[in-house]
>>> print(open('model_36.pdb').read())   # PDB, N, CA and C atoms
ATOM      1  N   MET U  21       0.823  -1.187   0.000
ATOM      2  CA  MET U  21       0.000   0.000   0.000
ATOM      3  C   MET U  21       0.871   1.257   0.000
ATOM      4  N   ARG U  22       1.917   1.213   0.794
ATOM      5  CA  ARG U  22       2.794   2.392   0.845
ATOM      6  C   ARG U  22       3.442   2.668  -0.506
ATOM      7  N   ALA U  23       3.783   1.623  -1.243
ATOM      8  CA  ALA U  23       4.401   1.797  -2.557
ATOM      9  C   ALA U  23       3.466   2.512  -3.526
ATOM     10  N   ASP U  24       2.153   2.405  -3.291
ATOM     11  CA  ASP U  24       1.169   3.078  -4.139
ATOM     12  C   ASP U  24       0.724   4.422  -3.576
ATOM     13  N   GLY U  25       1.426   4.897  -2.531
ATOM     14  CA  GLY U  25       1.130   6.212  -1.984
ATOM     15  C   GLY U  25       0.150   6.234  -0.834
ATOM     16  N   LEU U  26      -0.287   5.067  -0.383
ATOM     17  CA  LEU U  26      -1.228   4.994   0.737
ATOM     18  C   LEU U  26      -0.457   4.899   2.045
ATOM     19  N   LYS U  27      -0.099   6.033   2.567
ATOM     20  CA  LYS U  27       0.637   6.058   3.818
ATOM     21  C   LYS U  27      -0.328   5.893   4.975
ATOM     22  N   MET U  28       0.137   5.217   6.004
ATOM     23  CA  MET U  28      -0.680   5.055   7.201
ATOM     24  C   MET U  28       0.221   4.908   8.408
ATOM     25  N   ARG U  29      -0.272   5.450   9.490
ATOM     26  CA  ARG U  29       0.492   5.326  10.725
ATOM     27  C   ARG U  29       0.363   3.915  11.259
ATOM     28  N   SER U  30       1.371   3.490  11.964
ATOM     29  CA  SER U  30       1.333   2.146  12.550
ATOM     30  C   SER U  30       0.350   2.137  13.721
ATOM     31  N   GLN U  31      -0.065   0.941  14.089
ATOM     32  CA  GLN U  31      -0.964   0.804  15.232
ATOM     33  C   GLN U  31      -0.297   1.375  16.475
ATOM     34  N   ARG U  32       0.997   1.178  16.569
ATOM     35  CA  ARG U  32       1.749   1.697  17.711
ATOM     36  C   ARG U  32       1.718   3.230  17.739
ATOM     37  N   ALA U  33       1.874   3.855  16.566
ATOM     38  CA  ALA U  33       1.860   5.316  16.488
ATOM     39  C   ALA U  33       0.484   5.884  16.823
ATOM     40  N   MET U  34      -0.563   5.157  16.483
ATOM     41  CA  MET U  34      -1.921   5.616  16.792
ATOM     42  C   MET U  34      -2.243   5.457  18.267
ATOM     43  N   GLY U  35      -1.646   4.474  18.884
ATOM     44  CA  GLY U  35      -1.880   4.250  20.300
ATOM     45  C   GLY U  35      -3.324   3.895  20.602
ATOM     46  N   ALA U  36      -3.792   4.341  21.742
ATOM     47  CA  ALA U  36      -5.141   4.009  22.205
ATOM     48  C   ALA U  36      -6.222   4.613  21.321
ATOM     49  N   ASP U  37      -5.894   5.692  20.589
ATOM     50  CA  ASP U  37      -6.882   6.312  19.705
ATOM     51  C   ASP U  37      -7.394   5.353  18.645
ATOM     52  N   ARG U  38      -6.597   4.364  18.279
ATOM     53  CA  ARG U  38      -6.994   3.403  17.251
ATOM     54  C   ARG U  38      -8.311   2.721  17.602
ATOM     55  N   LYS U  39      -8.560   2.535  18.876
ATOM     56  CA  LYS U  39      -9.785   1.868  19.318
ATOM     57  C   LYS U  39     -11.029   2.727  19.108
ATOM     58  N   LEU U  40     -10.827   3.993  18.767
ATOM     59  CA  LEU U  40     -11.957   4.884  18.508
ATOM     60  C   LEU U  40     -12.555   4.651  17.121
ATOM     61  N   ALA U  41     -11.876   3.846  16.286
ATOM     62  CA  ALA U  41     -12.325   3.633  14.906
ATOM     63  C   ALA U  41     -12.392   2.156  14.545
ATOM     64  N   PRO U  42     -13.214   1.365  15.244
ATOM     65  CA  PRO U  42     -13.356  -0.027  14.825
ATOM     66  C   PRO U  42     -13.947  -0.078  13.412
ATOM     67  N   HIS U  43     -13.731  -1.175  12.700
ATOM     68  CA  HIS U  43     -14.085  -1.215  11.283
ATOM     69  C   HIS U  43     -15.574  -0.989  11.013
ATOM     70  N   GLY U  44     -16.440  -1.450  11.880
ATOM     71  CA  GLY U  44     -17.873  -1.225  11.668
ATOM     72  C   GLY U  44     -18.227   0.250  11.721
ATOM     73  N   LEU U  45     -17.723   0.919  12.736
ATOM     74  CA  LEU U  45     -17.961   2.354  12.880
ATOM     75  C   LEU U  45     -17.329   3.125  11.733
ATOM     76  N   ALA U  46     -16.102   2.761  11.369
ATOM     77  CA  ALA U  46     -15.432   3.428  10.248
ATOM     78  C   ALA U  46     -16.244   3.251   8.969
ATOM     79  N   GLY U  47     -16.730   2.053   8.729
ATOM     80  CA  GLY U  47     -17.550   1.803   7.546
ATOM     81  C   GLY U  47     -18.841   2.610   7.551
ATOM     82  N   GLN U  48     -19.459   2.715   8.708
ATOM     83  CA  GLN U  48     -20.691   3.498   8.829
ATOM     84  C   GLN U  48     -20.426   4.962   8.494
ATOM     85  N   VAL U  49     -19.370   5.516   9.049
ATOM     86  CA  VAL U  49     -19.030   6.919   8.811
ATOM     87  C   VAL U  49     -18.683   7.153   7.341
ATOM     88  N   LEU U  50     -17.900   6.261   6.752
ATOM     89  CA  LEU U  50     -17.518   6.423   5.348
ATOM     90  C   LEU U  50     -18.721   6.301   4.412
ATOM     91  N   LEU U  51     -19.614   5.358   4.682
ATOM     92  CA  LEU U  51     -20.816   5.216   3.869
ATOM     93  C   LEU U  51     -21.686   6.467   3.996
ATOM     94  N   GLY U  52     -21.854   6.948   5.220
ATOM     95  CA  GLY U  52     -22.639   8.161   5.425
ATOM     96  C   GLY U  52     -22.047   9.353   4.685
ATOM     97  N   GLU U  53     -20.741   9.479   4.754
ATOM     98  CA  GLU U  53     -20.045  10.563   4.046
ATOM     99  C   GLU U  53     -20.309  10.485   2.548
ATOM    100  N   TRP U  54     -20.203   9.300   1.991
ATOM    101  CA  TRP U  54     -20.406   9.113   0.559
ATOM    102  C   TRP U  54     -21.840   9.449   0.154
ATOM    103  N   LEU U  55     -22.802   8.980   0.939
ATOM    104  CA  LEU U  55     -24.202   9.261   0.620
ATOM    105  C   LEU U  55     -24.505  10.757   0.694
ATOM    106  N   GLU U  56     -23.912  11.437   1.652
ATOM    107  CA  GLU U  56     -24.123  12.885   1.773
ATOM    108  C   GLU U  56     -23.456  13.641   0.630
ATOM    109  N   GLU U  57     -22.176  13.348   0.402
ATOM    110  CA  GLU U  57     -21.406  14.114  -0.580
ATOM    111  C   GLU U  57     -21.758  13.777  -2.025
ATOM    112  N   GLN U  58     -21.996  12.521  -2.309
ATOM    113  CA  GLN U  58     -22.212  12.117  -3.700
ATOM    114  C   GLN U  58     -23.682  12.066  -4.102
ATOM    115  N   HIS U  59     -24.567  11.946  -3.126
ATOM    116  CA  HIS U  59     -25.974  11.755  -3.461
ATOM    117  C   HIS U  59     -26.908  12.742  -2.769
ATOM    118  N   GLY U  60     -26.344  13.655  -1.973
ATOM    119  CA  GLY U  60     -27.141  14.707  -1.366
ATOM    120  C   GLY U  60     -28.065  14.273  -0.245
ATOM    121  N   TRP U  61     -27.795  13.119   0.332
ATOM    122  CA  TRP U  61     -28.628  12.669   1.447
ATOM    123  C   TRP U  61     -28.370  13.551   2.658
ATOM    124  N   THR U  62     -29.359  13.646   3.531
ATOM    125  CA  THR U  62     -29.171  14.365   4.788
ATOM    126  C   THR U  62     -28.521  13.437   5.798
ATOM    127  N   MET U  63     -28.027  14.010   6.872
ATOM    128  CA  MET U  63     -27.397  13.209   7.921
ATOM    129  C   MET U  63     -28.396  12.226   8.526
ATOM    130  N   VAL U  64     -29.629  12.645   8.683
ATOM    131  CA  VAL U  64     -30.659  11.758   9.241
ATOM    132  C   VAL U  64     -30.894  10.572   8.305
ATOM    133  N   GLN U  65     -30.989  10.849   7.008
ATOM    134  CA  GLN U  65     -31.197   9.772   6.038
ATOM    135  C   GLN U  65     -30.021   8.799   6.030
ATOM    136  N   THR U  66     -28.804   9.323   6.036
ATOM    137  CA  THR U  66     -27.640   8.427   5.995
ATOM    138  C   THR U  66     -27.563   7.576   7.251
ATOM    139  N   GLY U  67     -27.881   8.177   8.392
ATOM    140  CA  GLY U  67     -27.818   7.443   9.657
ATOM    141  C   GLY U  67     -28.762   6.261   9.692
ATOM    142  N   GLN U  68     -29.945   6.436   9.121
ATOM    143  CA  GLN U  68     -30.934   5.360   9.109
ATOM    144  C   GLN U  68     -30.486   4.185   8.242
ATOM    145  N   PHE U  69     -29.674   4.461   7.246
ATOM    146  CA  PHE U  69     -29.217   3.427   6.324
ATOM    147  C   PHE U  69     -27.867   2.849   6.731
ATOM    148  N   SER U  70     -26.925   3.734   7.068
ATOM    149  CA  SER U  70     -25.553   3.290   7.331
ATOM    150  C   SER U  70     -25.390   2.578   8.673
ATOM    151  N   VAL U  71     -26.366   2.693   9.561
ATOM    152  CA  VAL U  71     -26.271   2.018  10.852
ATOM    153  C   VAL U  71     -26.180   0.497  10.681
ATOM    154  N   ALA U  72     -26.689  -0.013   9.579
ATOM    155  CA  ALA U  72     -26.581  -1.454   9.323
ATOM    156  C   ALA U  72     -25.120  -1.874   9.167
ATOM    157  N   VAL U  73     -24.308  -0.995   8.595
ATOM    158  CA  VAL U  73     -22.871  -1.271   8.463
ATOM    159  C   VAL U  73     -22.208  -1.169   9.833
ATOM    160  N   GLY U  74     -22.538  -0.107  10.558
ATOM    161  CA  GLY U  74     -21.933   0.098  11.873
ATOM    162  C   GLY U  74     -22.282  -0.990  12.875
ATOM    163  N   GLY U  75     -23.466  -1.541  12.748
ATOM    164  CA  GLY U  75     -23.914  -2.549  13.703
ATOM    165  C   GLY U  75     -23.898  -3.958  13.168
ATOM    166  N   HIS U  76     -23.078  -4.226  12.158
ATOM    167  CA  HIS U  76     -23.118  -5.547  11.536
ATOM    168  C   HIS U  76     -22.664  -6.685  12.456
ATOM    169  N   HIS U  77     -22.090  -6.376  13.598
ATOM    170  CA  HIS U  77     -21.756  -7.427  14.568
ATOM    171  C   HIS U  77     -22.816  -7.532  15.660
ATOM    172  N   GLY U  78     -23.913  -6.789  15.483
ATOM    173  CA  GLY U  78     -25.031  -6.910  16.411
ATOM    174  C   GLY U  78     -25.277  -5.713  17.295
ATOM    175  N   VAL U  79     -24.322  -4.829  17.438
ATOM    176  CA  VAL U  79     -24.497  -3.655  18.299
ATOM    177  C   VAL U  79     -24.136  -2.399  17.507
ATOM    178  N   PRO U  80     -25.124  -1.565  17.209
ATOM    179  CA  PRO U  80     -24.811  -0.350  16.455
ATOM    180  C   PRO U  80     -24.026   0.646  17.309
ATOM    181  N   PRO U  81     -23.157   1.419  16.681
ATOM    182  CA  PRO U  81     -22.402   2.432  17.425
ATOM    183  C   PRO U  81     -23.337   3.464  18.043
ATOM    184  N   GLU U  82     -22.911   4.002  19.161
ATOM    185  CA  GLU U  82     -23.674   5.063  19.822
ATOM    186  C   GLU U  82     -23.306   6.406  19.208
ATOM    187  N   HIS U  83     -24.192   7.368  19.373
ATOM    188  CA  HIS U  83     -23.965   8.700  18.810
ATOM    189  C   HIS U  83     -22.624   9.276  19.270
ATOM    190  N   GLY U  84     -22.279   9.079  20.535
ATOM    191  CA  GLY U  84     -21.021   9.594  21.071
ATOM    192  C   GLY U  84     -19.804   9.018  20.367
ATOM    193  N   GLN U  85     -19.884   7.762  19.957
ATOM    194  CA  GLN U  85     -18.770   7.141  19.234
ATOM    195  C   GLN U  85     -18.587   7.789  17.860
ATOM    196  N   ILE U  86     -19.690   8.076  17.202
ATOM    197  CA  ILE U  86     -19.636   8.722  15.891
ATOM    198  C   ILE U  86     -19.065  10.129  16.030
ATOM    199  N   THR U  87     -19.528  10.852  17.020
ATOM    200  CA  THR U  87     -19.043  12.215  17.270
ATOM    201  C   THR U  87     -17.555  12.216  17.566
ATOM    202  N   THR U  88     -17.113  11.277  18.374
ATOM    203  CA  THR U  88     -15.693  11.182  18.712
ATOM    204  C   THR U  88     -14.858  10.897  17.468
ATOM    205  N   LEU U  89     -15.319   9.972  16.633
ATOM    206  CA  LEU U  89     -14.578   9.658  15.409
ATOM    207  C   LEU U  89     -14.552  10.861  14.467
ATOM    208  N   ASP U  90     -15.630  11.622  14.428
ATOM    209  CA  ASP U  90     -15.657  12.837  13.602
ATOM    210  C   ASP U  90     -14.563  13.819  14.029
ATOM    211  N   ARG U  91     -14.215  13.789  15.307
ATOM    212  CA  ARG U  91     -13.163  14.690  15.818
ATOM    213  C   ARG U  91     -11.756  14.148  15.560
ATOM    214  N   HIS U  92     -11.671  12.929  15.045
ATOM    215  CA  HIS U  92     -10.375  12.298  14.770
ATOM    216  C   HIS U  92     -10.319  11.775  13.335
ATOM    217  N   PRO U  93     -10.416  12.649  12.333
ATOM    218  CA  PRO U  93     -10.416  12.189  10.941
ATOM    219  C   PRO U  93      -9.130  11.470  10.538
ATOM    220  N   GLU U  94      -8.056  11.712  11.274
ATOM    221  CA  GLU U  94      -6.787  11.045  10.959
ATOM    222  C   GLU U  94      -6.852   9.541  11.191
ATOM    223  N   LEU U  95      -7.889   9.073  11.890
ATOM    224  CA  LEU U  95      -8.046   7.638  12.100
ATOM    225  C   LEU U  95      -8.674   6.950  10.884
ATOM    226  N   LEU U  96      -9.319   7.723  10.027
ATOM    227  CA  LEU U  96      -9.910   7.172   8.805
ATOM    228  C   LEU U  96      -8.996   7.347   7.599
ATOM    229  N   ARG U  97      -8.288   8.472   7.581
ATOM    230  CA  ARG U  97      -7.405   8.772   6.453
ATOM    231  C   ARG U  97      -6.169   9.482   6.968
ATOM    232  N   THR U  98      -5.023   9.031   6.519
ATOM    233  CA  THR U  98      -3.779   9.668   6.913
ATOM    234  C   THR U  98      -3.777  11.103   6.403
ATOM    235  N   PRO U  99      -3.521  12.057   7.291
ATOM    236  CA  PRO U  99      -3.496  13.455   6.844
ATOM    237  C   PRO U  99      -2.360  13.710   5.853
ATOM    238  N   GLY U 100      -2.502  14.764   5.115
ATOM    239  CA  GLY U 100      -1.447  15.150   4.187
ATOM    240  C   GLY U 100      -1.727  14.709   2.771
ATOM    241  N   LYS U 101      -0.648  14.474   2.066
ATOM    242  CA  LYS U 101      -0.692  14.196   0.641
ATOM    243  C   LYS U 101      -1.516  12.957   0.265
ATOM    244  N   SER U 102      -1.477  11.929   1.081
ATOM    245  CA  SER U 102      -2.169  10.686   0.714
ATOM    246  C   SER U 102      -3.643  10.678   1.117
ATOM    247  N   ARG U 103      -4.135  11.741   1.753
ATOM    248  CA  ARG U 103      -5.534  11.794   2.199
ATOM    249  C   ARG U 103      -6.509  11.574   1.047
ATOM    250  N   GLU U 104      -6.307  12.285  -0.056
ATOM    251  CA  GLU U 104      -7.212  12.141  -1.204
ATOM    252  C   GLU U 104      -7.143  10.753  -1.813
ATOM    253  N   LEU U 105      -5.962  10.175  -1.835
ATOM    254  CA  LEU U 105      -5.820   8.821  -2.363
ATOM    255  C   LEU U 105      -6.564   7.832  -1.472
ATOM    256  N   TRP U 106      -6.451   7.991  -0.156
ATOM    257  CA  TRP U 106      -7.198   7.142   0.775
ATOM    258  C   TRP U 106      -8.696   7.262   0.517
ATOM    259  N   GLN U 107      -9.155   8.502   0.359
ATOM    260  CA  GLN U 107     -10.583   8.719   0.124
ATOM    261  C   GLN U 107     -11.032   7.993  -1.145
ATOM    262  N   HIS U 108     -10.238   8.084  -2.179
ATOM    263  CA  HIS U 108     -10.568   7.404  -3.439
ATOM    264  C   HIS U 108     -10.657   5.887  -3.226
ATOM    265  N   VAL U 109      -9.675   5.320  -2.569
ATOM    266  CA  VAL U 109      -9.637   3.872  -2.346
ATOM    267  C   VAL U 109     -10.799   3.418  -1.461
ATOM    268  N   GLN U 110     -11.107   4.190  -0.434
ATOM    269  CA  GLN U 110     -12.184   3.808   0.472
ATOM    270  C   GLN U 110     -13.558   3.889  -0.177
ATOM    271  N   LEU U 111     -13.745   4.827  -1.069
ATOM    272  CA  LEU U 111     -15.061   5.027  -1.664
ATOM    273  C   LEU U 111     -15.249   4.286  -2.985
ATOM    274  N   GLU U 112     -14.173   3.761  -3.544
ATOM    275  CA  GLU U 112     -14.246   3.038  -4.812
ATOM    276  C   GLU U 112     -15.229   1.860  -4.773
ATOM    277  N   PRO U 113     -15.238   1.034  -3.725
ATOM    278  CA  PRO U 113     -16.219  -0.067  -3.698
ATOM    279  C   PRO U 113     -17.663   0.432  -3.728
ATOM    280  N   LEU U 114     -17.930   1.566  -3.095
ATOM    281  CA  LEU U 114     -19.281   2.113  -3.108
ATOM    282  C   LEU U 114     -19.661   2.594  -4.508
ATOM    283  N   LYS U 115     -18.727   3.258  -5.165
ATOM    284  CA  LYS U 115     -18.985   3.705  -6.533
ATOM    285  C   LYS U 115     -19.239   2.512  -7.458
ATOM    286  N   HIS U 116     -18.447   1.478  -7.288
ATOM    287  CA  HIS U 116     -18.602   0.285  -8.122
ATOM    288  C   HIS U 116     -19.963  -0.379  -7.857
ATOM    289  N   ALA U 117     -20.340  -0.500  -6.594
ATOM    290  CA  ALA U 117     -21.633  -1.104  -6.249
ATOM    291  C   ALA U 117     -22.770  -0.285  -6.829
ATOM    292  N   ARG U 118     -22.643   1.020  -6.769
ATOM    293  CA  ARG U 118     -23.679   1.909  -7.319
ATOM    294  C   ARG U 118     -23.797   1.712  -8.825
ATOM    295  N   GLN U 119     -22.688   1.653  -9.524
ATOM    296  CA  GLN U 119     -22.703   1.489 -10.976
ATOM    297  C   GLN U 119     -23.269   0.115 -11.366
ATOM    298  N   SER U 120     -22.982  -0.886 -10.556
ATOM    299  CA  SER U 120     -23.441  -2.244 -10.849
ATOM    300  C   SER U 120     -24.945  -2.391 -10.665
ATOM    301  N   SER U 121     -25.533  -1.528  -9.829
ATOM    302  CA  SER U 121     -26.958  -1.658  -9.526
ATOM    303  C   SER U 121     -27.844  -0.849 -10.463
ATOM    304  N   VAL U 122     -27.241  -0.047 -11.324
ATOM    305  CA  VAL U 122     -28.048   0.793 -12.210
ATOM    306  C   VAL U 122     -28.349   0.089 -13.503
TER     307      VAL U 122
END
>>> encode(input="model_36.pdb", output="structure tokens")
Amino acid sequence: MRADGLKMRSQRAMGADRKLAPHGLAGQVLLGEWLEEQHGWTMVQTGQFSVAVGGHHGVPPEHGQITTLDRHPELLRTPGKSRELWQHVQLEPLKHARQSSV
């Protein structure tokens, strides 16, 4: 990934903050972001849909967890030059799924 420009901090460098972004919650936030930015959905609409991703292990994230992750965007995408590349890679599966369903 690093060879393709996707820089990321190590788990050690992230420390305890890493636990603020479990994959279900990260997926929920990223899906919500995509629906808002690419399709004009409201936050309420995205929350009703994306919670299925966040709670796919049986327990949906609480509002406080989402708010906390919103305050730590570096946990979803490495800041700096590779941020846009991360965004592209993370949202590519959603774009592909959307194109496949039309």
>>> axis_aligned_box(input="model_36.pdb", around="region 100-119 of chain U", padding_each_side="4 Å", output="JSON")
{"center_x": -12.2, "center_y": 7.0, "center_z": -3.1, "size_x": 31.1, "size_y": 24.3, "size_z": 24.5}
>>> resolve_selection(input="model_36.pdb", expression="the PyMOL selection byres ((chain U and resi 39-44) around 8)", output="ChimeraX atom specification")
/U:34-38,45-50,72-77,81,85-86,88-89,95-96
>>> atom_distance(input="model_36.pdb", atom1="atom N of Arg103 (chain U)", atom2="atom C of Arg91 (chain U)")
16.0 Å
>>> atom_distance(input="model_36.pdb", atom1="CA of Leu26 (chain U)", atom2="CA of Thr98 (chain U)")
8.2 Å
>>> select_by_dssp(input="model_36.pdb", residues="chain U", states="helix (DSSP H, G or I)", output="PyMOL selection string")
chain U and resi 22-24+31-40+43-59+63-74+83-90+93-95+103-121
>>> residues_around(input="model_36.pdb", residues="Glu56 (chain U)", least_positions_apart="6", cutoff="8 Å", atoms="all atoms listed in the file", output="ChimeraX atom specification")
/U:50,62-63,65-66
>>> closest_residue(input="model_36.pdb", among="U:Val71, U:Leu55, U:Val64, U:Met21", to="Leu111 (chain U)", atoms="only C-alpha atoms")
U:Leu55
>>> atom_distance(input="model_36.pdb", atom1="CA of Gln107 (chain U)", atom2="CA of Arg29 (chain U)")
15.7 Å
>>> residues_around(input="model_36.pdb", residues="Arg97 (chain U)", least_positions_apart="2", cutoff="8 Å", atoms="all atoms listed in the file", output="MDAnalysis selection string")
chainID U and resid 27:29 92:95 99:100 102:104 106:107
>>> closest_residue(input="model_36.pdb", among="U:Leu105, U:Glu53, U:Gly60, U:Glu112", to="Asp90 (chain U)", atoms="only C-alpha atoms")
U:Glu53
>>> build_atoms(input="model_36.pdb", residues="region 101-111 of chain U", atoms="all heavy atoms", output="PDB file, in the frame of the given file")
ATOM      1  N   LYS U 101      -0.648  14.474   2.066  1.00  0.00           N
ATOM      2  CA  LYS U 101      -0.692  14.196   0.641  1.00  0.00           C
ATOM      3  C   LYS U 101      -1.516  12.957   0.265  1.00  0.00           C
ATOM      4  O   LYS U 101      -2.193  12.939  -0.753  1.00  0.00           O
ATOM      5  CB  LYS U 101       0.745  14.033   0.149  1.00  0.00           C
ATOM      6  CG  LYS U 101       0.962  14.303  -1.276  1.00  0.00           C
ATOM      7  CD  LYS U 101       2.457  14.277  -1.557  1.00  0.00           C
ATOM      8  CE  LYS U 101       2.703  14.258  -3.042  1.00  0.00           C
ATOM      9  NZ  LYS U 101       4.114  14.159  -3.361  1.00  0.00           N
ATOM     10  N   SER U 102      -1.477  11.929   1.081  1.00  0.00           N
ATOM     11  CA  SER U 102      -2.169  10.686   0.714  1.00  0.00           C
ATOM     12  C   SER U 102      -3.643  10.678   1.117  1.00  0.00           C
ATOM     13  O   SER U 102      -4.352   9.724   0.816  1.00  0.00           O
ATOM     14  CB  SER U 102      -1.459   9.472   1.315  1.00  0.00           C
ATOM     15  OG  SER U 102      -1.590   9.455   2.708  1.00  0.00           O
ATOM     16  N   ARG U 103      -4.135  11.741   1.753  1.00  0.00           N
ATOM     17  CA  ARG U 103      -5.534  11.794   2.199  1.00  0.00           C
ATOM     18  C   ARG U 103      -6.509  11.574   1.047  1.00  0.00           C
ATOM     19  O   ARG U 103      -7.434  10.780   1.140  1.00  0.00           O
ATOM     20  CB  ARG U 103      -5.843  13.115   2.888  1.00  0.00           C
ATOM     21  CG  ARG U 103      -7.250  13.148   3.462  1.00  0.00           C
ATOM     22  CD  ARG U 103      -7.627  14.527   3.997  1.00  0.00           C
ATOM     23  NE  ARG U 103      -8.899  14.494   4.672  1.00  0.00           N
ATOM     24  CZ  ARG U 103     -10.073  14.375   4.051  1.00  0.00           C
ATOM     25  NH1 ARG U 103     -10.142  14.280   2.752  1.00  0.00           N
ATOM     26  NH2 ARG U 103     -11.200  14.360   4.748  1.00  0.00           N
ATOM     27  N   GLU U 104      -6.307  12.285  -0.056  1.00  0.00           N
ATOM     28  CA  GLU U 104      -7.212  12.141  -1.204  1.00  0.00           C
ATOM     29  C   GLU U 104      -7.143  10.753  -1.813  1.00  0.00           C
ATOM     30  O   GLU U 104      -8.154  10.207  -2.256  1.00  0.00           O
ATOM     31  CB  GLU U 104      -6.909  13.202  -2.255  1.00  0.00           C
ATOM     32  CG  GLU U 104      -7.354  14.582  -1.849  1.00  0.00           C
ATOM     33  CD  GLU U 104      -7.122  15.612  -2.941  1.00  0.00           C
ATOM     34  OE1 GLU U 104      -7.153  15.242  -4.128  1.00  0.00           O
ATOM     35  OE2 GLU U 104      -6.907  16.779  -2.589  1.00  0.00           O
ATOM     36  N   LEU U 105      -5.962  10.175  -1.835  1.00  0.00           N
ATOM     37  CA  LEU U 105      -5.820   8.821  -2.363  1.00  0.00           C
ATOM     38  C   LEU U 105      -6.564   7.832  -1.472  1.00  0.00           C
ATOM     39  O   LEU U 105      -7.256   6.935  -1.967  1.00  0.00           O
ATOM     40  CB  LEU U 105      -4.341   8.440  -2.482  1.00  0.00           C
ATOM     41  CG  LEU U 105      -4.040   7.109  -3.146  1.00  0.00           C
ATOM     42  CD1 LEU U 105      -4.678   6.992  -4.526  1.00  0.00           C
ATOM     43  CD2 LEU U 105      -2.529   6.916  -3.250  1.00  0.00           C
ATOM     44  N   TRP U 106      -6.451   7.991  -0.156  1.00  0.00           N
ATOM     45  CA  TRP U 106      -7.198   7.142   0.775  1.00  0.00           C
ATOM     46  C   TRP U 106      -8.696   7.262   0.517  1.00  0.00           C
ATOM     47  O   TRP U 106      -9.420   6.274   0.479  1.00  0.00           O
ATOM     48  CB  TRP U 106      -6.897   7.506   2.236  1.00  0.00           C
ATOM     49  CG  TRP U 106      -5.800   6.703   2.831  1.00  0.00           C
ATOM     50  CD1 TRP U 106      -4.572   7.153   3.225  1.00  0.00           C
ATOM     51  CD2 TRP U 106      -5.808   5.298   3.093  1.00  0.00           C
ATOM     52  NE1 TRP U 106      -3.817   6.114   3.701  1.00  0.00           N
ATOM     53  CE2 TRP U 106      -4.561   4.966   3.640  1.00  0.00           C
ATOM     54  CE3 TRP U 106      -6.746   4.297   2.914  1.00  0.00           C
ATOM     55  CZ2 TRP U 106      -4.238   3.667   4.014  1.00  0.00           C
ATOM     56  CZ3 TRP U 106      -6.419   3.006   3.282  1.00  0.00           C
ATOM     57  CH2 TRP U 106      -5.168   2.711   3.833  1.00  0.00           C
ATOM     58  N   GLN U 107      -9.155   8.502   0.359  1.00  0.00           N
ATOM     59  CA  GLN U 107     -10.583   8.719   0.124  1.00  0.00           C
ATOM     60  C   GLN U 107     -11.032   7.993  -1.145  1.00  0.00           C
ATOM     61  O   GLN U 107     -12.070   7.337  -1.161  1.00  0.00           O
ATOM     62  CB  GLN U 107     -10.889  10.207   0.034  1.00  0.00           C
ATOM     63  CG  GLN U 107     -12.366  10.502  -0.062  1.00  0.00           C
ATOM     64  CD  GLN U 107     -12.664  11.987   0.010  1.00  0.00           C
ATOM     65  OE1 GLN U 107     -11.827  12.814  -0.292  1.00  0.00           O
ATOM     66  NE2 GLN U 107     -13.867  12.310   0.424  1.00  0.00           N
ATOM     67  N   HIS U 108     -10.238   8.084  -2.179  1.00  0.00           N
ATOM     68  CA  HIS U 108     -10.568   7.404  -3.439  1.00  0.00           C
ATOM     69  C   HIS U 108     -10.657   5.887  -3.226  1.00  0.00           C
ATOM     70  O   HIS U 108     -11.627   5.246  -3.668  1.00  0.00           O
ATOM     71  CB  HIS U 108      -9.513   7.738  -4.500  1.00  0.00           C
ATOM     72  CG  HIS U 108      -9.691   6.964  -5.759  1.00  0.00           C
ATOM     73  ND1 HIS U 108     -10.651   7.271  -6.697  1.00  0.00           N
ATOM     74  CD2 HIS U 108      -9.045   5.866  -6.222  1.00  0.00           C
ATOM     75  CE1 HIS U 108     -10.582   6.394  -7.689  1.00  0.00           C
ATOM     76  NE2 HIS U 108      -9.625   5.542  -7.428  1.00  0.00           N
ATOM     77  N   VAL U 109      -9.675   5.320  -2.569  1.00  0.00           N
ATOM     78  CA  VAL U 109      -9.637   3.872  -2.346  1.00  0.00           C
ATOM     79  C   VAL U 109     -10.799   3.418  -1.461  1.00  0.00           C
ATOM     80  O   VAL U 109     -11.426   2.388  -1.721  1.00  0.00           O
ATOM     81  CB  VAL U 109      -8.281   3.457  -1.723  1.00  0.00           C
ATOM     82  CG1 VAL U 109      -8.310   2.023  -1.236  1.00  0.00           C
ATOM     83  CG2 VAL U 109      -7.167   3.654  -2.733  1.00  0.00           C
ATOM     84  N   GLN U 110     -11.107   4.190  -0.434  1.00  0.00           N
ATOM     85  CA  GLN U 110     -12.184   3.808   0.472  1.00  0.00           C
ATOM     86  C   GLN U 110     -13.558   3.889  -0.177  1.00  0.00           C
ATOM     87  O   GLN U 110     -14.448   3.092   0.142  1.00  0.00           O
ATOM     88  CB  GLN U 110     -12.162   4.701   1.717  1.00  0.00           C
ATOM     89  CG  GLN U 110     -10.968   4.442   2.603  1.00  0.00           C
ATOM     90  CD  GLN U 110     -10.787   5.523   3.651  1.00  0.00           C
ATOM     91  OE1 GLN U 110     -11.128   6.682   3.433  1.00  0.00           O
ATOM     92  NE2 GLN U 110     -10.249   5.142   4.793  1.00  0.00           N
ATOM     93  N   LEU U 111     -13.745   4.827  -1.069  1.00  0.00           N
ATOM     94  CA  LEU U 111     -15.061   5.027  -1.664  1.00  0.00           C
ATOM     95  C   LEU U 111     -15.249   4.286  -2.985  1.00  0.00           C
ATOM     96  O   LEU U 111     -16.360   4.170  -3.478  1.00  0.00           O
ATOM     97  CB  LEU U 111     -15.333   6.525  -1.835  1.00  0.00           C
ATOM     98  CG  LEU U 111     -15.283   7.320  -0.521  1.00  0.00           C
ATOM     99  CD1 LEU U 111     -15.576   8.793  -0.781  1.00  0.00           C
ATOM    100  CD2 LEU U 111     -16.228   6.758   0.520  1.00  0.00           C
TER     101      LEU U 111
END
